[in-house]
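So this block is structure.csv, CSV, C-alpha atoms:
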chain,number,residue,atom,x,y,z
A,46,MET,CA,0.0,0.0,0.0
A,47,LYS,CA,1.3,3.4,-0.9
A,48,HIS,CA,-0.3,6.2,1.1
A,49,PRO,CA,-1.7,9.2,-0.8
A,50,PRO,CA,0.4,12.4,-0.4
A,51,TRP,CA,-0.6,15.4,1.6
A,52,THR,CA,-0.5,18.7,-0.4
A,53,ARG,CA,1.2,21.8,0.8
A,54,LEU,CA,-0.9,25.0,0.6
A,55,SER,CA,1.7,27.5,2.0
A,56,LYS,CA,5.1,27.7,3.7
A,57,ARG,CA,6.3,30.4,6.0
A,58,ILE,CA,9.6,30.8,7.8
A,59,VAL,CA,8.8,31.5,11.4
A,60,ILE,CA,12.3,31.6,12.9
A,61,GLY,CA,15.6,31.7,11.0
A,62,ASN,CA,19.1,31.2,12.3
A,63,PRO,CA,22.4,30.3,10.7
A,64,TYR,CA,21.9,26.6,11.2
A,65,TYR,CA,18.2,26.0,10.4
A,66,ASN,CA,14.8,27.6,10.1
A,67,VAL,CA,11.6,26.8,11.9
A,68,ALA,CA,8.9,26.8,9.2
A,69,LEU,CA,5.1,26.5,9.3
A,70,ASP,CA,3.2,24.8,6.5
A,71,ARG,CA,-0.5,24.7,5.9
A,72,TYR,CA,-1.4,21.5,4.1
A,73,VAL,CA,-4.4,19.5,3.1
A,74,ARG,CA,-4.7,15.8,3.9
A,75,PRO,CA,-6.2,13.2,1.6
A,76,ASP,CA,-9.5,13.4,3.5
A,77,GLY,CA,-9.7,17.1,2.7
A,78,GLN,CA,-8.9,18.4,6.1
A,79,VAL,CA,-6.6,21.5,6.3
A,80,ALA,CA,-4.1,21.6,9.1
A,81,GLU,CA,-0.7,23.3,10.1
A,82,TYR,CA,2.7,21.8,10.7
A,83,HIS,CA,5.7,23.4,12.4
A,84,TYR,CA,9.0,21.8,11.5
A,85,ILE,CA,12.7,22.2,11.2
A,86,ASP,CA,13.6,23.3,7.7
A,87,ILE,CA,17.2,22.5,6.8
A,88,PRO,CA,19.0,21.6,3.5
A,89,GLY,CA,20.4,18.3,4.8
A,90,SER,CA,23.6,17.0,6.3
A,91,ALA,CA,26.5,14.6,5.9
A,92,MET,CA,28.2,12.2,8.4
A,93,VAL,CA,31.5,10.5,7.9
A,94,VAL,CA,32.8,7.1,9.1
A,95,PRO,CA,36.5,7.6,8.9
A,96,VAL,CA,38.5,4.3,8.9
A,97,LEU,CA,42.2,4.2,9.9
A,98,PRO,CA,44.6,1.6,8.4
A,99,ASP,CA,44.6,-0.3,11.7
A,100,GLY,CA,40.8,-0.6,11.6
A,101,ARG,CA,40.0,2.1,14.2
A,102,LEU,CA,37.3,4.6,13.4
A,103,VAL,CA,37.7,8.4,14.0
A,104,LEU,CA,35.1,10.1,16.2
A,105,VAL,CA,34.8,13.4,17.9
A,106,SER,CA,33.7,14.2,21.5
A,107,GLN,CA,31.8,17.4,22.1
A,108,TYR,CA,29.6,19.0,24.7
A,109,ARG,CA,25.9,18.9,23.7
A,110,TYR,CA,24.1,21.7,25.3
A,111,LEU,CA,20.6,20.3,24.9
A,112,MET,CA,21.5,17.1,26.6
A,113,GLY,CA,23.9,18.7,29.1
A,114,ARG,CA,26.8,16.3,28.6
A,115,ASP,CA,29.5,15.2,26.3
A,116,SER,CA,28.7,13.1,23.2
A,117,LEU,CA,30.8,10.8,21.1
A,118,GLU,CA,29.9,11.2,17.4
A,119,PHE,CA,31.2,10.6,13.9
A,120,PRO,CA,32.2,13.9,12.2
A,121,ALA,CA,29.1,15.5,10.7
A,122,GLY,CA,27.5,18.8,9.8
A,123,GLY,CA,24.9,20.7,7.9
A,124,MET,CA,25.0,21.2,4.1
A,125,PRO,CA,25.3,24.8,3.2
A,126,VAL,CA,23.0,25.8,0.3
A,127,GLY,CA,24.9,25.1,-3.0
A,128,SER,CA,27.2,22.5,-1.3
A,129,SER,CA,27.0,18.8,-2.1
A,130,PRO,CA,26.8,16.0,0.5
A,131,LEU,CA,30.4,14.9,-0.4
A,132,GLN,CA,31.8,18.5,-0.2
A,133,THR,CA,30.1,18.8,3.2
A,134,ALA,CA,31.5,15.4,4.4
A,135,ARG,CA,35.1,16.4,3.3
A,136,ARG,CA,34.8,19.8,5.1
A,137,GLU,CA,33.4,18.4,8.3
A,138,LEU,CA,35.9,15.6,8.5
A,139,ARG,CA,38.8,18.2,8.1
A,140,GLU,CA,37.2,20.8,10.4
A,141,GLU,CA,36.0,18.6,13.2
A,142,SER,CA,38.6,15.7,13.4
A,143,GLY,CA,41.6,17.2,11.6
A,144,TYR,CA,41.8,14.3,9.1
A,145,GLU,CA,41.8,14.4,5.3
A,146,ALA,CA,40.8,11.3,3.3
A,147,ALA,CA,42.1,10.0,-0.1
A,148,SER,CA,39.0,7.8,-0.8
A,149,TRP,CA,35.3,8.4,-0.3
A,150,GLU,CA,32.3,6.2,-0.8
A,151,LYS,CA,28.7,6.9,0.0
A,152,ILE,CA,27.1,4.0,2.0
A,153,GLY,CA,23.6,5.3,2.6
A,154,ALA,CA,21.3,8.0,3.9
A,155,PHE,CA,18.7,8.4,6.6
A,156,ALA,CA,16.3,11.0,8.0
A,157,PRO,CA,17.3,11.4,11.6
A,158,TYR,CA,14.0,13.0,12.9
A,159,ASN,CA,11.5,12.8,10.1
A,160,GLY,CA,8.4,13.8,12.2
A,161,VAL,CA,10.0,17.1,13.0
A,162,SER,CA,12.7,17.9,10.5
A,163,ASN,CA,13.1,17.5,6.7
A,164,GLU,CA,16.8,16.7,7.1
A,165,MET,CA,18.3,13.8,5.2
A,166,CYS,CA,21.8,12.8,6.4
A,167,HIS,CA,24.1,11.4,3.8
A,168,VAL,CA,26.7,8.9,5.1
A,169,PHE,CA,30.2,8.3,3.7
A,170,VAL,CA,33.1,6.0,4.5
A,171,ALA,CA,36.4,7.8,4.3
A,172,THR,CA,39.7,5.9,3.9
A,173,GLY,CA,43.3,6.8,3.1
A,174,LEU,CA,43.3,9.1,6.1
A,175,SER,CA,46.1,11.6,6.9
A,176,PHE,CA,46.1,13.8,10.0
A,177,VAL,CA,46.4,17.5,9.2
A,178,ALA,CA,44.8,19.7,11.9
A,179,PRO,CA,41.3,20.5,13.0
A,180,GLU,CA,39.7,23.8,12.0
A,181,ARG,CA,37.0,24.1,14.5
A,182,GLU,CA,34.4,26.8,14.9
A,183,VAL,CA,34.3,28.7,18.2
A,184,THR,CA,31.2,26.8,19.4
A,185,GLU,CA,32.9,23.5,18.5
A,186,GLU,CA,35.1,22.5,21.4
A,187,MET,CA,35.9,19.0,20.3
A,188,LYS,CA,38.3,16.2,20.9
A,189,THR,CA,39.3,13.6,18.3
A,190,VAL,CA,38.9,10.0,19.5
A,191,GLU,CA,40.0,6.9,17.6
A,192,LEU,CA,38.3,3.6,18.6
A,193,PHE,CA,38.2,0.1,17.4
A,194,ILE,CA,34.9,-1.3,16.1
A,195,GLU,CA,34.5,-3.6,19.2
A,196,GLU,CA,35.0,-0.5,21.5
A,197,ILE,CA,32.3,1.4,19.7
A,198,GLU,CA,29.9,-1.6,19.9
A,199,GLN,CA,30.6,-1.8,23.6
A,200,GLN,CA,29.9,1.9,24.1
A,201,VAL,CA,26.6,1.7,22.2
A,202,ARG,CA,25.5,-1.3,24.3
A,203,SER,CA,26.5,0.5,27.5
A,204,GLY,CA,24.8,3.7,26.6
A,205,GLU,CA,28.0,5.8,26.7
A,206,LEU,CA,27.6,6.5,22.9
A,207,TRP,CA,24.0,7.8,22.7
A,208,ASP,CA,24.0,10.0,19.6
A,209,GLY,CA,21.3,8.4,17.3
A,210,MET,CA,22.8,9.7,14.1
A,211,THR,CA,26.1,8.0,15.0
A,212,VAL,CA,24.4,4.8,15.9
A,213,ALA,CA,22.5,4.8,12.6
A,214,SER,CA,25.6,5.5,10.6
A,215,PHE,CA,27.5,2.8,12.5
A,216,LEU,CA,24.8,0.3,11.4
A,217,LEU,CA,25.2,1.4,7.7
A,218,PHE,CA,28.9,1.0,8.1
A,219,GLU,CA,28.5,-2.5,9.6
A,220,ALA,CA,26.2,-3.5,6.7
A,221,TYR,CA,28.8,-2.0,4.2
A,222,ARG,CA,31.6,-3.8,5.9
A,223,GLY,CA,29.8,-7.1,5.8
A,224,LYS,CA,29.8,-6.8,2.0
A,225,HIS,CA,33.3,-5.4,1.6
A,226,HIS,CA,35.2,-7.2,4.3
A,227,ASP,CA,38.4,-7.7,2.3
A,228,GLU,CA,38.8,-3.9,1.6
A,229,LEU,CA,38.4,-2.6,5.2
B,267,MET,CA,38.5,15.2,28.6
B,268,LYS,CA,35.2,16.4,29.9
B,269,HIS,CA,34.0,19.6,28.4
B,270,PRO,CA,32.8,22.3,30.8
B,271,PRO,CA,29.0,22.8,30.7
B,272,TRP,CA,27.1,25.7,29.3
B,273,THR,CA,24.8,27.5,31.8
B,274,ARG,CA,21.2,28.3,30.9
B,275,LEU,CA,20.2,31.9,31.8
B,276,SER,CA,16.5,31.7,30.6
B,277,LYS,CA,14.1,29.6,28.7
B,278,ARG,CA,11.1,30.7,26.8
B,279,ILE,CA,8.5,28.7,24.8
B,280,VAL,CA,8.2,30.4,21.4
B,281,ILE,CA,5.8,27.9,19.7
B,282,GLY,CA,3.6,25.2,21.3
B,283,ASN,CA,1.7,22.4,19.8
B,284,PRO,CA,0.3,19.1,21.0
B,285,TYR,CA,3.5,17.2,20.0
B,286,TYR,CA,6.4,19.5,20.9
B,287,ASN,CA,7.4,23.1,21.7
B,288,VAL,CA,9.9,25.3,20.0
B,289,ALA,CA,11.9,26.9,22.9
B,290,LEU,CA,14.5,29.6,23.0
B,291,ASP,CA,17.3,29.5,25.6
B,292,ARG,CA,19.7,32.2,26.5
B,293,TYR,CA,22.9,30.6,27.8
B,294,VAL,CA,26.5,31.5,28.8
B,295,ARG,CA,29.4,29.5,27.4
B,296,PRO,CA,32.5,28.6,29.4
B,297,ASP,CA,34.3,31.5,27.8
B,298,GLY,CA,31.7,33.9,29.2
B,299,GLN,CA,30.0,34.6,25.9
B,300,VAL,CA,26.2,34.8,26.0
B,301,ALA,CA,24.2,33.4,23.1
B,302,GLU,CA,20.7,32.1,22.1
B,303,TYR,CA,19.6,28.7,21.1
B,304,HIS,CA,16.3,27.7,19.4
B,305,TYR,CA,15.4,24.1,19.9
B,306,ILE,CA,12.7,21.4,19.9
B,307,ASP,CA,11.6,20.9,23.6
B,308,ILE,CA,9.9,17.5,24.1
B,309,PRO,CA,9.6,15.1,27.0
B,310,GLY,CA,11.1,12.1,25.2
B,311,SER,CA,9.9,9.1,23.3
B,312,ALA,CA,9.9,5.3,23.2
B,313,MET,CA,10.4,3.0,20.3
B,314,VAL,CA,9.6,-0.7,20.3
B,315,VAL,CA,11.3,-3.6,18.5
B,316,PRO,CA,8.5,-6.3,18.5
B,317,VAL,CA,9.7,-9.8,17.9
B,318,LEU,CA,7.3,-12.5,16.7
B,319,PRO,CA,7.8,-16.2,17.6
B,320,ASP,CA,9.0,-17.0,14.0
B,321,GLY,CA,11.7,-14.3,14.3
B,322,ARG,CA,10.0,-11.6,12.2
B,323,LEU,CA,9.9,-8.0,13.6
B,324,VAL,CA,6.8,-5.9,13.5
B,325,LEU,CA,7.1,-2.5,11.8
B,326,VAL,CA,4.6,0.1,10.6
B,327,SER,CA,4.5,1.9,7.3
B,328,GLN,CA,3.2,5.5,7.3
B,329,TYR,CA,3.3,8.6,5.1
B,330,ARG,CA,5.8,11.2,6.3
B,331,TYR,CA,4.7,14.6,5.2
B,332,LEU,CA,8.1,16.3,5.7
B,333,MET,CA,9.9,13.8,3.4
B,334,GLY,CA,6.9,13.4,1.0
B,335,ARG,CA,6.9,9.6,1.0
B,336,ASP,CA,6.1,6.4,3.0
B,337,SER,CA,8.4,5.3,5.7
B,338,LEU,CA,8.9,1.9,7.3
B,339,GLU,CA,9.5,2.3,11.1
B,340,PHE,CA,9.3,0.5,14.4
B,341,PRO,CA,6.3,1.5,16.4
B,342,ALA,CA,7.1,4.7,18.4
B,343,GLY,CA,5.8,7.8,19.9
B,344,GLY,CA,6.3,10.8,22.2
B,345,MET,CA,6.0,10.4,26.0
B,346,PRO,CA,3.1,12.4,27.4
B,347,VAL,CA,4.1,14.3,30.6
B,348,GLY,CA,3.6,11.9,33.5
B,349,SER,CA,4.0,8.8,31.4
B,350,SER,CA,7.0,6.5,31.7
B,351,PRO,CA,9.0,5.2,28.7
B,352,LEU,CA,7.6,1.7,29.2
B,353,GLN,CA,4.0,3.0,29.4
B,354,THR,CA,4.6,4.9,26.2
B,355,ALA,CA,6.1,1.9,24.5
B,356,ARG,CA,3.1,-0.3,25.4
B,357,ARG,CA,0.6,2.3,24.2
B,358,GLU,CA,2.4,2.9,20.9
B,359,LEU,CA,2.8,-0.8,20.1
B,360,ARG,CA,-0.9,-1.3,20.6
B,361,GLU,CA,-2.1,1.9,18.9
B,362,GLU,CA,0.2,1.8,15.9
B,363,SER,CA,0.7,-1.9,15.2
B,364,GLY,CA,-2.3,-3.6,16.9
B,365,TYR,CA,-0.1,-5.9,18.9
B,366,GLU,CA,0.2,-6.4,22.6
B,367,ALA,CA,3.2,-8.0,24.3
B,368,ALA,CA,3.7,-10.2,27.3
B,369,SER,CA,7.4,-9.4,27.9
B,370,TRP,CA,9.3,-6.1,27.8
B,371,GLU,CA,13.0,-5.4,28.1
B,372,LYS,CA,14.7,-2.1,27.7
B,373,ILE,CA,17.7,-2.4,25.4
B,374,GLY,CA,19.1,1.1,25.2
B,375,ALA,CA,18.4,4.8,24.5
B,376,PHE,CA,19.6,7.4,22.1
B,377,ALA,CA,19.1,11.1,21.3
B,378,PRO,CA,17.9,11.1,17.7
B,379,TYR,CA,18.7,14.8,16.9
B,380,ASN,CA,20.8,16.2,19.7
B,381,GLY,CA,21.8,19.4,18.1
B,382,VAL,CA,18.2,20.6,17.6
B,383,SER,CA,16.0,18.6,20.0
B,384,ASN,CA,16.4,17.5,23.7
B,385,GLU,CA,14.5,14.2,22.9
B,386,MET,CA,15.8,11.0,24.3
B,387,CYS,CA,14.3,7.9,22.7
B,388,HIS,CA,14.0,4.8,24.9
B,389,VAL,CA,14.2,1.5,23.1
B,390,PHE,CA,12.4,-1.7,24.1
B,391,VAL,CA,12.3,-5.3,22.9
B,392,ALA,CA,8.7,-6.7,23.1
B,393,THR,CA,8.1,-10.5,22.9
B,394,GLY,CA,5.1,-12.8,23.6
B,395,LEU,CA,3.1,-10.8,21.0
B,396,SER,CA,-0.6,-11.2,20.3
B,397,PHE,CA,-2.5,-9.3,17.7
B,398,VAL,CA,-5.5,-7.4,19.0
B,399,ALA,CA,-6.3,-4.4,16.8
B,400,PRO,CA,-4.6,-1.0,16.0
B,401,GLU,CA,-6.1,2.1,17.6
B,402,ARG,CA,-4.6,4.8,15.3
B,403,GLU,CA,-5.1,8.5,15.5
B,404,VAL,CA,-6.7,10.2,12.5
B,405,THR,CA,-3.3,11.6,11.3
B,406,GLU,CA,-1.8,8.1,11.6
B,407,GLU,CA,-2.7,6.2,8.4
B,408,MET,CA,-0.5,3.1,8.9
B,409,LYS,CA,0.0,-0.4,7.8
B,410,THR,CA,1.5,-3.1,9.9
B,411,VAL,CA,4.4,-5.0,8.2
B,412,GLU,CA,6.2,-8.1,9.5
B,413,LEU,CA,9.7,-8.6,8.2
B,414,PHE,CA,12.5,-11.1,8.9
B,415,ILE,CA,15.8,-9.6,10.1
B,416,GLU,CA,17.5,-10.3,6.8
B,417,GLU,CA,14.8,-8.4,5.0
B,418,ILE,CA,15.2,-5.4,7.2
B,419,GLU,CA,19.0,-5.5,6.7
B,420,GLN,CA,18.5,-5.6,3.0
B,421,GLN,CA,16.0,-2.6,3.1
B,422,VAL,CA,18.5,-0.6,5.2
B,423,ARG,CA,21.3,-1.3,2.7
B,424,SER,CA,19.1,-0.4,-0.3
B,425,GLY,CA,17.8,2.8,1.3
B,426,GLU,CA,14.2,1.6,1.3
B,427,LEU,CA,14.2,1.9,5.1
B,428,TRP,CA,15.5,5.4,5.8
B,429,ASP,CA,14.1,6.4,9.2
B,430,GLY,CA,17.2,7.1,11.3
B,431,MET,CA,15.5,6.2,14.6
B,432,THR,CA,14.5,2.8,13.3
B,433,VAL,CA,18.0,2.2,12.0
B,434,ALA,CA,19.5,3.2,15.4
B,435,SER,CA,17.0,1.0,17.2
B,436,PHE,CA,17.8,-1.9,14.9
B,437,LEU,CA,21.5,-1.6,15.8
B,438,LEU,CA,20.6,-1.7,19.5
B,439,PHE,CA,18.5,-4.8,18.8
B,440,GLU,CA,21.3,-6.5,16.8
B,441,ALA,CA,23.7,-5.8,19.7
B,442,TYR,CA,21.2,-7.2,22.2
B,443,ARG,CA,20.5,-10.2,20.1
B,444,GLY,CA,24.2,-10.9,19.8
B,445,LYS,CA,24.3,-11.3,23.6
B,446,HIS,CA,20.9,-13.2,24.0
B,447,HIS,CA,20.9,-15.4,21.0
B,448,ASP,CA,19.3,-18.4,22.7
B,449,GLU,CA,16.3,-16.3,23.8
B,450,LEU,CA,15.2,-14.7,20.5

Transcribe the structure of this file into structure tokens.
Amino acid sequence: MKHPPWTRLSKRIVIGNPYYNVALDRYVRPDGQVAEYHYIDIPGSAMVVPVLPDGRLVLVSQYRYLMGRDSLEFPAGGMPVGSSPLQTARRELREESGYEAASWEKIGAFAPYNGVSNEMCHVFVATGLSFVAPEREVTEEMKTVELFIEEIEQQVRSGELWDGMTVASFLLFEAYRGKHHDEL
Amino acid sequence: MKHPPWTRLSKRIVIGNPYYNVALDRYVRPDGQVAEYHYIDIPGSAMVVPVLPDGRLVLVSQYRYLMGRDSLEFPAGGMPVGSSPLQTARRELREESGYEAASWEKIGAFAPYNGVSNEMCHVFVATGLSFVAPEREVTEEMKTVELFIEEIEQQVRSGELWDGMTVASFLLFEAYRGKHHDEL
């Protein structure tokens, strides 16, 4: 069964900031009813699973204000308008972790919060890494952390790693790795 | 390294609806700078991985307006104030999929969108299922879908299953299953 689409009647930006807008749509449902929907309006994002030659993955630890604690995450960030997912992935890897990568492969995409935000996050595996230097923004106080896959699995199970986008990207990486085991 | 916390100075609800608020905090960073943060303010949520005796998992397919297409997801929903994660999980499983479960186990939690929302999603495995009947809200036009684990893995890899919260919960389930293989 495919559900019939809802039709947008109007869209209005209610709040704008450098990272995302809060928008308000009026829409009509298949049954003819008109309603309103507030949501996060954002161009999309990219997340990178960076793989070192010894098999460790590169993550960054940062303070997350809304949760009031540090979070361990794969490098990621929003797509500026006019920027591609791959360009965004390259920039965020360099800025957040300090690494550059020789090889890039897209391994999937997901919508992290599809009831509230129209963001689609594009996920890449980066290999052939070399450490250059991070170029972090002032609000980005981060630490680069390299962990083996088993360490990440353990931290997910224990709840120490609790960022949903990182957990989802890690599953995409595990699925990719299952099919390309000789290369990684 | 633990990052020093940021301190909230004030909080204001900018937009309210039955599902979540948009809030605006003023806060002071460790370097003394004062800034503002718009975010989704929500009590939390619960997601259920329901396991049938034959090993299939129960999902629901629903139209997602913000992405303009159908999405395959584990049953889930927001926690009303005063409701526990387990109560929410029970209610959403029944309402969305039509199933009730005899046994419940919490297998983890994650923040689906921690840069924008303070939501923490609590994940449960439900077993001992019996089909009763869905009790869906008018905006919830859903279809119950039962899939084997290999089918879900294939749909994640192909991008047909693209809900990040479902992908993250599926990884938590896989980790749990790896440790309790005789029980599931």

Residues of chain B within 7 Å of chain A, using all atoms listed in the file, as a PDB file with C-alpha atoms, in the frame of the given file?
ATOM      1  CA  LYS B 268      35.200  16.400  29.900  1.00  0.00           C
ATOM      2  CA  HIS B 269      34.000  19.600  28.400  1.00  0.00           C
ATOM      3  CA  PRO B 271      29.000  22.800  30.700  1.00  0.00           C
ATOM      4  CA  TRP B 272      27.100  25.700  29.300  1.00  0.00           C
ATOM      5  CA  TYR B 329       3.300   8.600   5.100  1.00  0.00           C
ATOM      6  CA  ARG B 330       5.800  11.200   6.300  1.00  0.00           C
ATOM      7  CA  TYR B 331       4.700  14.600   5.200  1.00  0.00           C
ATOM      8  CA  LEU B 332       8.100  16.300   5.700  1.00  0.00           C
ATOM      9  CA  MET B 333       9.900  13.800   3.400  1.00  0.00           C
ATOM     10  CA  GLY B 334       6.900  13.400   1.000  1.00  0.00           C
ATOM     11  CA  ASP B 336       6.100   6.400   3.000  1.00  0.00           C
ATOM     12  CA  GLY B 374      19.100   1.100  25.200  1.00  0.00           C
ATOM     13  CA  ALA B 375      18.400   4.800  24.500  1.00  0.00           C
ATOM     14  CA  PHE B 376      19.600   7.400  22.100  1.00  0.00           C
ATOM     15  CA  ALA B 377      19.100  11.100  21.300  1.00  0.00           C
ATOM     16  CA  PRO B 378      17.900  11.100  17.700  1.00  0.00           C
ATOM     17  CA  TYR B 379      18.700  14.800  16.900  1.00  0.00           C
ATOM     18  CA  ASN B 380      20.800  16.200  19.700  1.00  0.00           C
ATOM     19  CA  GLY B 381      21.800  19.400  18.100  1.00  0.00           C
ATOM     20  CA  SER B 383      16.000  18.600  20.000  1.00  0.00           C
ATOM     21  CA  ASN B 384      16.400  17.500  23.700  1.00  0.00           C
ATOM     22  CA  ARG B 423      21.300  -1.300   2.700  1.00  0.00           C
ATOM     23  CA  GLY B 425      17.800   2.800   1.300  1.00  0.00           C
ATOM     24  CA  TRP B 428      15.500   5.400   5.800  1.00  0.00           C
ATOM     25  CA  ASP B 429      14.100   6.400   9.200  1.00  0.00           C
ATOM     26  CA  GLY B 430      17.200   7.100  11.300  1.00  0.00           C
ATOM     27  CA  MET B 431      15.500   6.200  14.600  1.00  0.00           C
ATOM     28  CA  VAL B 433      18.000   2.200  12.000  1.00  0.00           C
ATOM     29  CA  ALA B 434      19.500   3.200  15.400  1.00  0.00           C
ATOM     30  CA  LEU B 437      21.500  -1.600  15.800  1.00  0.00           C
ATOM     31  CA  LEU B 438      20.600  -1.700  19.500  1.00  0.00           C
ATOM     32  CA  ALA B 441      23.700  -5.800  19.700  1.00  0.00           C
TER      33      ALA B 441
END

Fill in: Residues within 7 Å of (2.0, -8.4, 27.4), file coords, all atoms listed in the file, listed as a ChimeraX atom specification
/B:366-369,394-395

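Atom CA of B:Ala342 is found 27.4 Å from atom CA of A:Pro120.
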
Worksheet item: How many Å lie between atom CA of A:Pro95 and atom CA of A:Val170, rounded to one decimal?
Response: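 These atoms are spaced 5.8 Å apart.
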